[in-house]
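Novice: Sharing model-v9.cif below, mmCIF, C-alpha atoms:
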```cif
data_model
loop_
_atom_site.group_PDB
_atom_site.id
_atom_site.type_symbol
_atom_site.label_atom_id
_atom_site.label_comp_id
_atom_site.auth_asym_id
_atom_site.auth_seq_id
_atom_site.Cartn_x
_atom_site.Cartn_y
_atom_site.Cartn_z
ATOM 1 C CA MET A 27 -37.103 17.731 18.444
ATOM 2 C CA SER A 28 -33.479 18.925 18.505
ATOM 3 C CA SER A 29 -32.973 17.373 21.946
ATOM 4 C CA LEU A 30 -34.369 14.046 20.724
ATOM 5 C CA LYS A 31 -32.090 14.159 17.714
ATOM 6 C CA ASP A 32 -29.093 14.807 19.953
ATOM 7 C CA THR A 33 -30.078 11.848 22.126
ATOM 8 C CA PHE A 34 -30.284 9.508 19.133
ATOM 9 C CA GLU A 35 -26.944 10.789 17.872
ATOM 10 C CA LYS A 36 -25.403 10.209 21.299
ATOM 11 C CA ILE A 37 -26.794 6.647 21.311
ATOM 12 C CA ARG A 38 -25.291 5.957 17.882
ATOM 13 C CA ASN A 39 -21.931 7.319 18.969
ATOM 14 C CA LEU A 40 -21.950 5.228 22.139
ATOM 15 C CA GLU A 41 -22.887 2.084 20.199
ATOM 16 C CA ALA A 42 -20.047 2.753 17.749
ATOM 17 C CA GLU A 43 -17.629 3.278 20.626
ATOM 18 C CA LYS A 44 -18.855 0.068 22.286
ATOM 19 C CA LYS A 45 -18.258 -1.850 19.066
ATOM 20 C CA ASN A 46 -14.744 -0.426 18.764
ATOM 21 C CA LEU A 47 -13.927 -1.268 22.380
ATOM 22 C CA LEU A 48 -15.136 -4.853 21.960
ATOM 23 C CA ILE A 49 -12.965 -5.244 18.851
ATOM 24 C CA GLU A 50 -9.972 -3.797 20.704
ATOM 25 C CA ILE A 51 -10.574 -6.165 23.630
ATOM 26 C CA GLU A 52 -10.610 -9.203 21.316
ATOM 27 C CA GLU A 53 -7.400 -8.062 19.641
ATOM 28 C CA LEU A 54 -5.701 -7.501 22.978
ATOM 29 C CA LYS A 55 -6.822 -10.949 24.134
ATOM 30 C CA LYS A 56 -5.234 -12.556 21.065
ATOM 31 C CA MET A 57 -2.044 -10.575 21.557
ATOM 32 C CA ALA A 58 -2.036 -11.553 25.238
ATOM 33 C CA ASP A 59 -2.403 -15.253 24.330
ATOM 34 C CA VAL A 60 0.630 -15.083 22.026
ATOM 35 C CA LYS A 61 2.653 -13.214 24.622
ATOM 36 C CA ALA A 62 1.603 -15.644 27.352
ATOM 37 C CA ALA A 63 2.782 -18.594 25.254
ATOM 38 C CA ASN A 64 6.156 -16.937 24.689
ATOM 39 C CA LEU A 65 6.505 -16.026 28.353
ATOM 40 C CA GLU A 66 5.577 -19.545 29.405
ATOM 41 C CA ASN A 67 8.383 -20.944 27.277
ATOM 42 C CA GLU A 68 10.860 -18.357 28.583
ATOM 43 C CA VAL A 69 9.855 -19.081 32.187
ATOM 44 C CA ALA A 70 10.383 -22.799 31.627
ATOM 45 C CA LEU A 71 13.869 -22.135 30.253
ATOM 46 C CA LEU A 72 14.692 -19.843 33.180
ATOM 47 C CA ARG A 73 13.555 -22.483 35.655
ATOM 48 C CA GLU A 74 15.863 -25.002 34.020
ATOM 49 C CA GLU A 75 18.772 -22.573 34.215
ATOM 50 C CA ILE A 76 18.002 -21.908 37.887
ATOM 51 C CA GLU A 77 18.034 -25.629 38.643
ATOM 52 C CA SER A 78 21.395 -25.937 36.863
ATOM 53 C CA VAL A 79 22.860 -23.073 38.894
ATOM 54 C CA LYS A 80 21.538 -24.632 42.101
ATOM 55 C CA ILE A 81 23.301 -27.889 41.257
ATOM 56 C CA LEU A 82 26.602 -26.073 40.712
ATOM 57 C CA LEU A 83 26.239 -24.147 43.967
ATOM 58 C CA GLU A 84 25.439 -27.333 45.876
ATOM 59 C CA GLN A 85 28.565 -28.945 44.462
ATOM 60 C CA GLU A 86 30.735 -26.001 45.528
ATOM 61 C CA THR A 87 29.316 -25.684 49.058
ATOM 62 C CA LYS A 88 28.982 -29.368 49.764
ATOM 63 C CA GLN A 89 31.196 -30.522 52.649
ATOM 64 C CA GLN A 90 33.094 -33.769 52.573
ATOM 65 C CA PRO A 91 31.151 -36.517 54.447
ATOM 66 C CA SER A 92 32.761 -38.625 57.175
ATOM 67 C CA ASP A 93 34.067 -42.097 56.342
ATOM 68 C CA LYS A 94 31.206 -43.793 58.233
ATOM 69 C CA SER A 95 28.445 -41.959 56.449
ATOM 70 C CA LEU A 96 30.155 -41.717 53.021
ATOM 71 C CA GLN A 97 28.482 -44.806 51.543
ATOM 72 C CA GLY A 98 24.942 -43.873 52.720
ATOM 73 C CA GLU A 99 25.233 -40.254 51.603
ATOM 74 C CA THR A 100 26.626 -41.310 48.225
ATOM 75 C CA LYS A 101 23.590 -43.505 47.601
ATOM 76 C CA VAL A 102 21.153 -40.705 48.532
ATOM 77 C CA SER A 103 23.002 -38.131 46.436
ATOM 78 C CA ALA A 104 23.097 -40.461 43.442
ATOM 79 C CA LYS A 105 19.349 -41.118 43.724
ATOM 80 C CA GLU A 106 18.566 -37.414 43.954
ATOM 81 C CA LEU A 107 20.832 -36.684 41.012
ATOM 82 C CA VAL A 108 19.170 -39.350 38.873
ATOM 83 C CA GLU A 109 15.704 -38.026 39.704
ATOM 84 C CA LYS A 110 16.760 -34.454 38.937
ATOM 85 C CA THR A 111 18.386 -35.471 35.659
ATOM 86 C CA LEU A 112 15.307 -37.438 34.596
ATOM 87 C CA ALA A 113 13.045 -34.494 35.449
ATOM 88 C CA GLU A 114 15.178 -32.058 33.448
ATOM 89 C CA SER A 115 15.440 -34.413 30.478
ATOM 90 C CA SER A 116 11.654 -34.846 30.589
ATOM 91 C CA LYS A 117 11.209 -31.068 30.443
ATOM 92 C CA LEU A 118 13.526 -30.851 27.465
ATOM 93 C CA GLY A 119 11.748 -33.720 25.747
ATOM 94 C CA ASN A 120 8.309 -32.167 26.269
ATOM 95 C CA GLU A 121 9.316 -28.626 25.399
ATOM 96 C CA ILE A 122 7.090 -26.999 22.761
ATOM 97 C CA PHE A 123 8.529 -24.340 20.498
ATOM 98 C CA PRO A 124 5.925 -21.559 20.149
ATOM 99 C CA LEU A 125 6.589 -19.986 16.755
ATOM 100 C CA SER A 126 7.744 -21.004 13.303
ATOM 101 C CA PRO A 127 10.468 -21.401 12.117
ATOM 102 C CA TYR A 128 11.062 -23.856 14.946
ATOM 103 C CA SER A 129 14.717 -24.322 14.017
ATOM 104 C CA GLN A 130 15.452 -20.960 15.647
ATOM 105 C CA TYR A 131 15.157 -22.728 19.032
ATOM 106 C CA PHE A 132 17.335 -25.776 18.208
ATOM 107 C CA ASP A 133 20.725 -24.309 19.177
ATOM 108 C CA LYS A 134 19.594 -23.141 22.617
ATOM 109 C CA TRP A 135 17.827 -26.451 23.199
ATOM 110 C CA LEU A 136 21.039 -28.361 22.401
ATOM 111 C CA VAL A 137 23.037 -26.116 24.723
ATOM 112 C CA ASN A 138 20.602 -26.897 27.558
ATOM 113 C CA LEU A 139 20.831 -30.610 26.810
ATOM 114 C CA ARG A 140 24.655 -30.615 26.827
ATOM 115 C CA GLN A 141 24.705 -28.543 30.011
ATOM 116 C CA MET A 142 22.393 -31.007 31.760
ATOM 117 C CA ILE A 143 24.556 -33.980 30.748
ATOM 118 C CA SER A 144 27.776 -32.198 31.703
ATOM 119 C CA GLU A 145 26.465 -31.293 35.167
ATOM 120 C CA SER A 146 25.334 -34.855 35.731
ATOM 121 C CA GLU A 147 28.690 -36.335 34.703
ATOM 122 C CA SER A 148 30.665 -33.840 36.803
ATOM 123 C CA ASN A 149 29.000 -35.020 40.020
ATOM 124 C CA SER A 150 31.392 -37.125 42.090
ATOM 125 C CA THR A 151 28.693 -39.699 42.810
ATOM 126 C CA ILE A 152 28.471 -40.643 39.118
ATOM 127 C CA LYS A 153 31.043 -43.096 37.822
ATOM 128 C CA VAL A 154 31.493 -42.567 34.081
ATOM 129 C CA ASP A 155 33.080 -45.444 32.196
ATOM 130 C CA GLU A 156 34.160 -45.830 28.596
ATOM 131 C CA GLN A 157 30.903 -47.479 27.484
ATOM 132 C CA PHE A 158 28.831 -44.659 28.991
ATOM 133 C CA VAL A 159 30.883 -42.042 27.156
ATOM 134 C CA LYS A 160 30.476 -43.980 23.905
ATOM 135 C CA ASP A 161 26.696 -44.349 24.299
ATOM 136 C CA ARG A 162 26.270 -40.740 25.322
ATOM 137 C CA SER A 163 28.253 -39.479 22.337
ATOM 138 C CA GLN A 164 26.203 -41.633 19.964
ATOM 139 C CA ILE A 165 22.901 -40.378 21.425
ATOM 140 C CA LEU A 166 23.988 -36.767 21.034
ATOM 141 C CA LEU A 167 25.012 -37.454 17.442
ATOM 142 C CA ASP A 168 21.599 -38.998 16.764
ATOM 143 C CA VAL A 169 19.815 -36.004 18.303
ATOM 144 C CA GLU A 170 21.913 -33.543 16.308
ATOM 145 C CA SER A 171 21.230 -35.533 13.157
ATOM 146 C CA VAL A 172 17.463 -35.414 13.716
ATOM 147 C CA LEU A 173 17.547 -31.666 14.394
ATOM 148 C CA ALA A 174 19.702 -31.090 11.312
ATOM 149 C CA GLN A 175 17.144 -32.982 9.240
ATOM 150 C CA LYS A 176 14.317 -30.918 10.710
ATOM 151 C CA ARG A 177 16.265 -27.750 9.986
ATOM 152 C CA LEU A 178 16.732 -28.851 6.380
ATOM 153 C CA GLU A 179 13.031 -29.664 6.031
ATOM 154 C CA GLU A 180 12.100 -26.196 7.257
ATOM 155 C CA SER A 181 14.500 -24.560 4.804
ATOM 156 C CA ASN A 182 12.931 -26.565 1.964
ATOM 157 C CA LEU A 183 9.334 -25.582 2.684
ATOM 158 C CA SER A 184 7.089 -25.364 -0.335
ATOM 159 C CA GLU A 185 6.001 -21.983 -1.632
ATOM 160 C CA ASP A 186 2.512 -22.584 -0.278
ATOM 161 C CA GLU A 187 3.801 -23.393 3.209
ATOM 162 C CA LYS A 188 5.953 -20.277 3.213
ATOM 163 C CA ALA A 189 2.977 -18.247 2.029
ATOM 164 C CA LEU A 190 0.862 -19.669 4.860
ATOM 165 C CA ALA A 191 3.512 -18.713 7.387
ATOM 166 C CA ASP A 192 3.774 -15.227 5.891
ATOM 167 C CA ASN A 193 -0.002 -14.799 5.985
ATOM 168 C CA SER A 194 -0.125 -15.826 9.637
ATOM 169 C CA GLN A 195 2.516 -13.215 10.380
ATOM 170 C CA LEU A 196 0.517 -10.622 8.436
ATOM 171 C CA LEU A 197 -2.577 -11.384 10.509
ATOM 172 C CA GLU A 198 -0.657 -10.945 13.750
ATOM 173 C CA GLU A 199 0.836 -7.663 12.549
ATOM 174 C CA SER A 200 -2.615 -6.514 11.414
ATOM 175 C CA TYR A 201 -4.027 -7.159 14.908
ATOM 176 C CA LYS A 202 -1.276 -5.114 16.523
ATOM 177 C CA GLU A 203 -1.487 -2.275 13.996
ATOM 178 C CA HIS A 204 -5.265 -1.952 14.327
ATOM 179 C CA ALA A 205 -5.087 -2.032 18.126
ATOM 180 C CA GLU A 206 -2.436 0.699 18.168
ATOM 181 C CA LYS A 207 -4.317 2.910 15.702
ATOM 182 C CA THR A 208 -7.602 2.413 17.565
ATOM 183 C CA LYS A 209 -5.929 3.349 20.845
ATOM 184 C CA GLU A 210 -4.349 6.427 19.276
ATOM 185 C CA LEU A 211 -7.651 7.519 17.711
ATOM 186 C CA SER A 212 -9.525 6.985 20.986
ATOM 187 C CA SER A 213 -6.944 9.070 22.834
ATOM 188 C CA LYS A 214 -7.316 11.951 20.364
ATOM 189 C CA ARG A 215 -11.107 11.734 20.514
ATOM 190 C CA ASP A 216 -11.153 11.743 24.326
ATOM 191 C CA SER A 217 -8.834 14.747 24.413
ATOM 192 C CA GLU A 218 -11.004 16.742 22.003
ATOM 193 C CA VAL A 219 -14.245 15.776 23.726
ATOM 194 C CA GLU A 220 -12.812 16.726 27.107
ATOM 195 C CA ARG A 221 -11.700 20.127 25.788
ATOM 196 C CA ILE A 222 -15.068 20.965 24.202
ATOM 197 C CA THR A 223 -17.088 19.565 27.105
ATOM 198 C CA LYS A 224 -15.133 21.728 29.516
ATOM 199 C CA ARG A 225 -15.890 24.761 27.333
ATOM 200 C CA ILE A 226 -19.611 23.872 27.274
ATOM 201 C CA HIS A 227 -19.745 23.608 31.055
ATOM 202 C CA GLU A 228 -18.004 26.982 31.409
ATOM 203 C CA LEU A 229 -20.488 28.634 29.049
ATOM 204 C CA GLU A 230 -23.475 27.010 30.784
ATOM 205 C CA ASN A 231 -22.242 28.284 34.135
ATOM 206 C CA GLU A 232 -21.684 31.744 32.674
ATOM 207 C CA ILE A 233 -25.221 31.816 31.221
ATOM 208 C CA ALA A 234 -26.719 30.685 34.530
ATOM 209 C CA LYS A 235 -24.765 33.379 36.322
ATOM 210 C CA ARG A 236 -25.835 36.122 33.874
ATOM 211 C CA GLU A 237 -29.482 35.062 33.994
ATOM 212 C CA ALA A 238 -29.408 35.143 37.780
ATOM 213 C CA THR A 239 -27.866 38.600 37.857
ATOM 214 C CA LYS A 240 -30.444 41.387 38.121
ATOM 215 C CA ILE A 241 -29.664 44.911 36.972
ATOM 216 C CA ARG A 242 -31.136 47.251 39.546
ATOM 217 C CA ILE A 243 -32.278 50.672 38.402
ATOM 218 C CA PHE A 244 -31.158 52.518 41.522
ATOM 219 C CA LYS A 245 -27.521 51.921 40.552
ATOM 220 C CA TYR A 246 -27.878 54.214 37.541
ATOM 221 C CA LYS A 247 -28.415 57.976 37.390
ATOM 222 C CA SER A 248 -31.125 57.765 34.781
ATOM 223 C CA ARG A 249 -33.484 55.287 33.147
ATOM 224 C CA LYS A 250 -31.570 55.774 29.901
ATOM 225 C CA GLU A 251 -28.340 54.469 31.466
ATOM 226 C CA TYR A 252 -30.330 51.650 33.016
ATOM 227 C CA ASN A 253 -31.791 50.638 29.651
ATOM 228 C CA ILE A 254 -28.356 50.781 28.021
ATOM 229 C CA ALA A 255 -26.935 48.516 30.739
ATOM 230 C CA ARG A 256 -29.817 46.063 30.342
ATOM 231 C CA LYS A 257 -29.310 46.020 26.584
ATOM 232 C CA LYS A 258 -25.555 45.328 26.941
ATOM 233 C CA ALA A 259 -26.236 42.560 29.439
ATOM 234 C CA ALA A 260 -28.813 41.008 27.123
ATOM 235 C CA GLU A 261 -26.374 41.189 24.194
ATOM 236 C CA LYS A 262 -23.638 39.520 26.252
ATOM 237 C CA LEU A 263 -26.081 36.833 27.283
ATOM 238 C CA ASP A 264 -27.111 36.251 23.664
ATOM 239 C CA ARG A 265 -23.462 36.041 22.570
ATOM 240 C CA THR A 266 -22.733 33.532 25.319
ATOM 241 C CA LYS A 267 -25.732 31.454 24.245
ATOM 242 C CA ASP A 268 -24.485 31.588 20.655
ATOM 243 C CA ASP A 269 -21.052 30.460 21.852
ATOM 244 C CA LEU A 270 -22.696 27.594 23.741
ATOM 245 C CA LYS A 271 -24.660 26.564 20.662
ATOM 246 C CA ALA A 272 -21.467 26.692 18.569
ATOM 247 C CA ALA A 273 -19.596 24.581 21.147
ATOM 248 C CA LYS A 274 -22.325 21.939 21.147
ATOM 249 C CA THR A 275 -22.285 21.896 17.331
ATOM 250 C CA GLU A 276 -18.503 21.527 17.392
ATOM 251 C CA LEU A 277 -18.847 18.576 19.780
ATOM 252 C CA GLU A 278 -21.336 16.879 17.441
ATOM 253 C CA VAL A 279 -19.048 17.453 14.462
ATOM 254 C CA VAL A 280 -16.005 16.129 16.337
ATOM 255 C CA LEU A 281 -17.853 12.996 17.486
ATOM 256 C CA GLN A 282 -19.168 12.373 13.988
ATOM 257 C CA SER A 283 -15.715 12.915 12.499
ATOM 258 C CA PHE A 284 -14.051 10.481 14.883
ATOM 259 C CA SER A 285 -16.869 7.998 14.309
ATOM 260 C CA VAL A 286 -16.202 8.142 10.562
ATOM 261 C CA ASP A 287 -12.448 7.785 11.141
ATOM 262 C CA GLN A 288 -13.041 4.723 13.325
ATOM 263 C CA GLU A 289 -15.364 3.183 10.745
ATOM 264 C CA ASN A 290 -12.756 3.736 8.029
ATOM 265 C CA LEU A 291 -10.097 2.213 10.260
ATOM 266 C CA ASP A 292 -12.315 -0.803 10.983
ATOM 267 C CA ASP A 293 -13.183 -1.206 7.303
ATOM 268 C CA GLU A 294 -9.521 -1.105 6.338
ATOM 269 C CA TYR A 295 -8.683 -3.641 9.034
ATOM 270 C CA GLU A 296 -11.527 -5.992 8.069
ATOM 271 C CA LYS A 297 -10.688 -5.702 4.381
ATOM 272 C CA LYS A 298 -7.027 -6.532 4.986
ATOM 273 C CA ASN A 299 -7.902 -9.452 7.256
ATOM 274 C CA LYS A 300 -10.440 -10.756 4.762
ATOM 275 C CA GLU A 301 -7.864 -10.728 1.964
ATOM 276 C CA VAL A 302 -5.274 -12.535 4.077
ATOM 277 C CA THR A 303 -7.820 -15.067 5.375
ATOM 278 C CA GLU A 304 -9.082 -15.796 1.873
ATOM 279 C CA ARG A 305 -5.506 -16.379 0.681
ATOM 280 C CA LYS A 306 -4.911 -18.783 3.567
ATOM 281 C CA GLU A 307 -8.126 -20.672 2.851
ATOM 282 C CA SER A 308 -7.240 -20.855 -0.834
ATOM 283 C CA LEU A 309 -3.784 -22.244 -0.022
ATOM 284 C CA HIS A 310 -5.323 -24.861 2.285
ATOM 285 C CA LYS A 311 -7.886 -25.942 -0.335
ATOM 286 C CA ASN A 312 -5.645 -25.789 -3.402
ATOM 287 C CA PRO A 313 -2.032 -26.551 -2.434
ATOM 288 C CA LYS A 314 0.493 -26.526 -5.269
ATOM 289 C CA ASN A 315 2.763 -29.099 -3.690
#
```
Translate this structure into structure tokens?
Specialist:
Amino acid sequence: MSSLKDTFEKIRNLEAEKKNLLIEIEELKKMADVKAANLENEVALLREEIESVKILLEQETKQQPSDKSLQGETKVSAKELVEKTLAESSKLGNEIFPLSPYSQYFDKWLVNLRQMISESESNSTIKVDEQFVKDRSQILLDVESVLAQKRLEESNLSEDEKALADNSQLLEESYKEHAEKTKELSSKRDSEVERITKRIHELENEIAKREATKIRIFKYKSRKEYNIARKKAAEKLDRTKDDLKAAKTELEVVLQSFSVDQENLDDEYEKKNKEVTERKESLHKNPKN
């Protein structure tokens, strides 16, 4: 009956651990998605910077063409430059800022835009006239005006919108905190289980060794000494069995304790998430502004 009880307890512990691992996997997936989005944006920016550096290096290492081929090479270089500039401007135009407030990305985006225009104008194949400079300046002013307006709109968010943003941040922090605590708790549990399991194996081996050892009467001078030796060996064996029983009990207690700790951690996490989610839903359904 005791063995069956232990088996059921082991099954419950494994099911609890499975549940915790599945929750941790989902949290890590969500964290990975956020990180992937950020990395994707950073990679795109790095690619743009690399292209800009390549253009500068090409300008520095470019040799002067001969008089006969000057006109043909100028046309090809101008075409390539136009295509490159259009591609870079398309990337800037389609860039998606990953996290609110989005105005935090405006300054870097403007720097990239000005750098692209400056590199294009500095190429010897591009002839910049007064009208081009005027149009370009006006376009930049229009872009800066739009971004300034967007920045102002973000700074004037309603209380509900700010609360929604704060709640989203709380959810993300809650995911990370729960994942870290779950990982820490799992590490402690594994360390304790490994220590006790090792002790159990040592005691089981010791018991098997003692049970296999036979006390032979011819080694002793009298039957009395032989009986005393047998009694001591039996007592040692009983103590070792008691130690084994205590170790197994300790393992059960440790597993149960960590199971309770994990349940409390999960309950706290679910409660916090429920409160934040309910606040978000309430703000969506009943906006003040």
Novice: Using only C-alpha atoms, can you tell me which of A:Val286, A:Ala58, A:Ile122, A:Val279 comes closest to Val219 (chain A)?
Specialist: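 That would be A:Val279, the residue with the smallest distance to Val219 (chain A).
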Novice: Report as an MDAnalysis selection string all protein, DNA and RNA residues lying within 12 Å of Glu147 (chain A), evaluated on all atoms listed in the file, omitting residues in the same chain fewer than 6 positions from it.
Specialist: chainID A and resid 81 104 107:108 111 140:141 153:155 158:159 162
Novice: Provide the CA of Glu66 (chain A) to CA of Gln130 (chain A) distance in Å, to one decimal place.
Specialist: 17.0 Å
Novice: In Å, how far is it from CA of Glu35 (chain A) to CA of Glu289 (chain A)?
Specialist: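 Answer for the CA of Glu35 (chain A) to CA of Glu289 (chain A) separation: 15.6 Å.
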Novice: When distances are computed from only C-alpha atoms, which of A:Ile226, A:Ala62, A:Ala234, A:Leu40 shows the smallest separation from Thr275 (chain A)?
Specialist: A:Ile226
Novice: Work out how far CA of Glu199 (chain A) is from CA of Ser213 (chain A), in Å to one decimal.
Specialist: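 One can read the CA of Ser213 (chain A) to CA of Glu199 (chain A) distance as 21.1 Å.
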Novice: Between A:Val69, A:Ile49, A:Leu291, A:Ala113, which residue has the minimum interatomic distance to Lys207 (chain A), considering all atoms listed in the file?
Specialist: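 Of the candidates, the smallest distance to Lys207 (chain A) is held by A:Leu291.
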Novice: Extract, using all atoms listed in the file, all DNA, RNA and protein residues at most 12 Å from Glu68 (chain A), discarding same-chain residues fewer than 4 positions from it, and format them as a ChimeraX atom specification.
Specialist: /A:61-64,72-75,121-124,131,134-135
Novice: Measuring between all atoms listed in the file, which one of A:Glu106, A:Lys271, A:Ser200, A:Ser248 shows the shortest distance to Thr151 (chain A)?
Specialist: A:Glu106
Novice: Quick check on the file I pasted: which residues fall under the PyMOL selection byres ((chain A and resi 282) around 12)? Write them as a list in words.
Specialist: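 Expected selection for the PyMOL selection byres ((chain A and resi 282) around 12) here is Asp32, Glu35, Lys36, Arg38, Asn39, Leu40, Ala42, Glu43, Arg215, Val219, Thr275, Glu276, Leu277, Glu278, Val279, Val280, Leu281, Ser283, Phe284, Ser285, Val286, Asp287, Gln288 and Glu289 of chain A.
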Novice: So that I have them on file, write out the residues from the current selection with C-alpha atoms, as a tab-separated table (two decimals), in the coordinates of the input.
Specialist:
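Result file follows (out.tsv):
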```tsv
chain	number	residue	atom	x	y	z
A	32	ASP	CA	-29.09	14.81	19.95
A	35	GLU	CA	-26.94	10.79	17.87
A	36	LYS	CA	-25.40	10.21	21.30
A	38	ARG	CA	-25.29	5.96	17.88
A	39	ASN	CA	-21.93	7.32	18.97
A	40	LEU	CA	-21.95	5.23	22.14
A	42	ALA	CA	-20.05	2.75	17.75
A	43	GLU	CA	-17.63	3.28	20.63
A	215	ARG	CA	-11.11	11.73	20.51
A	219	VAL	CA	-14.24	15.78	23.73
A	275	THR	CA	-22.28	21.90	17.33
A	276	GLU	CA	-18.50	21.53	17.39
A	277	LEU	CA	-18.85	18.58	19.78
A	278	GLU	CA	-21.34	16.88	17.44
A	279	VAL	CA	-19.05	17.45	14.46
A	280	VAL	CA	-16.00	16.13	16.34
A	281	LEU	CA	-17.85	13.00	17.49
A	283	SER	CA	-15.72	12.92	12.50
A	284	PHE	CA	-14.05	10.48	14.88
A	285	SER	CA	-16.87	8.00	14.31
A	286	VAL	CA	-16.20	8.14	10.56
A	287	ASP	CA	-12.45	7.78	11.14
A	288	GLN	CA	-13.04	4.72	13.32
A	289	GLU	CA	-15.36	3.18	10.74
```
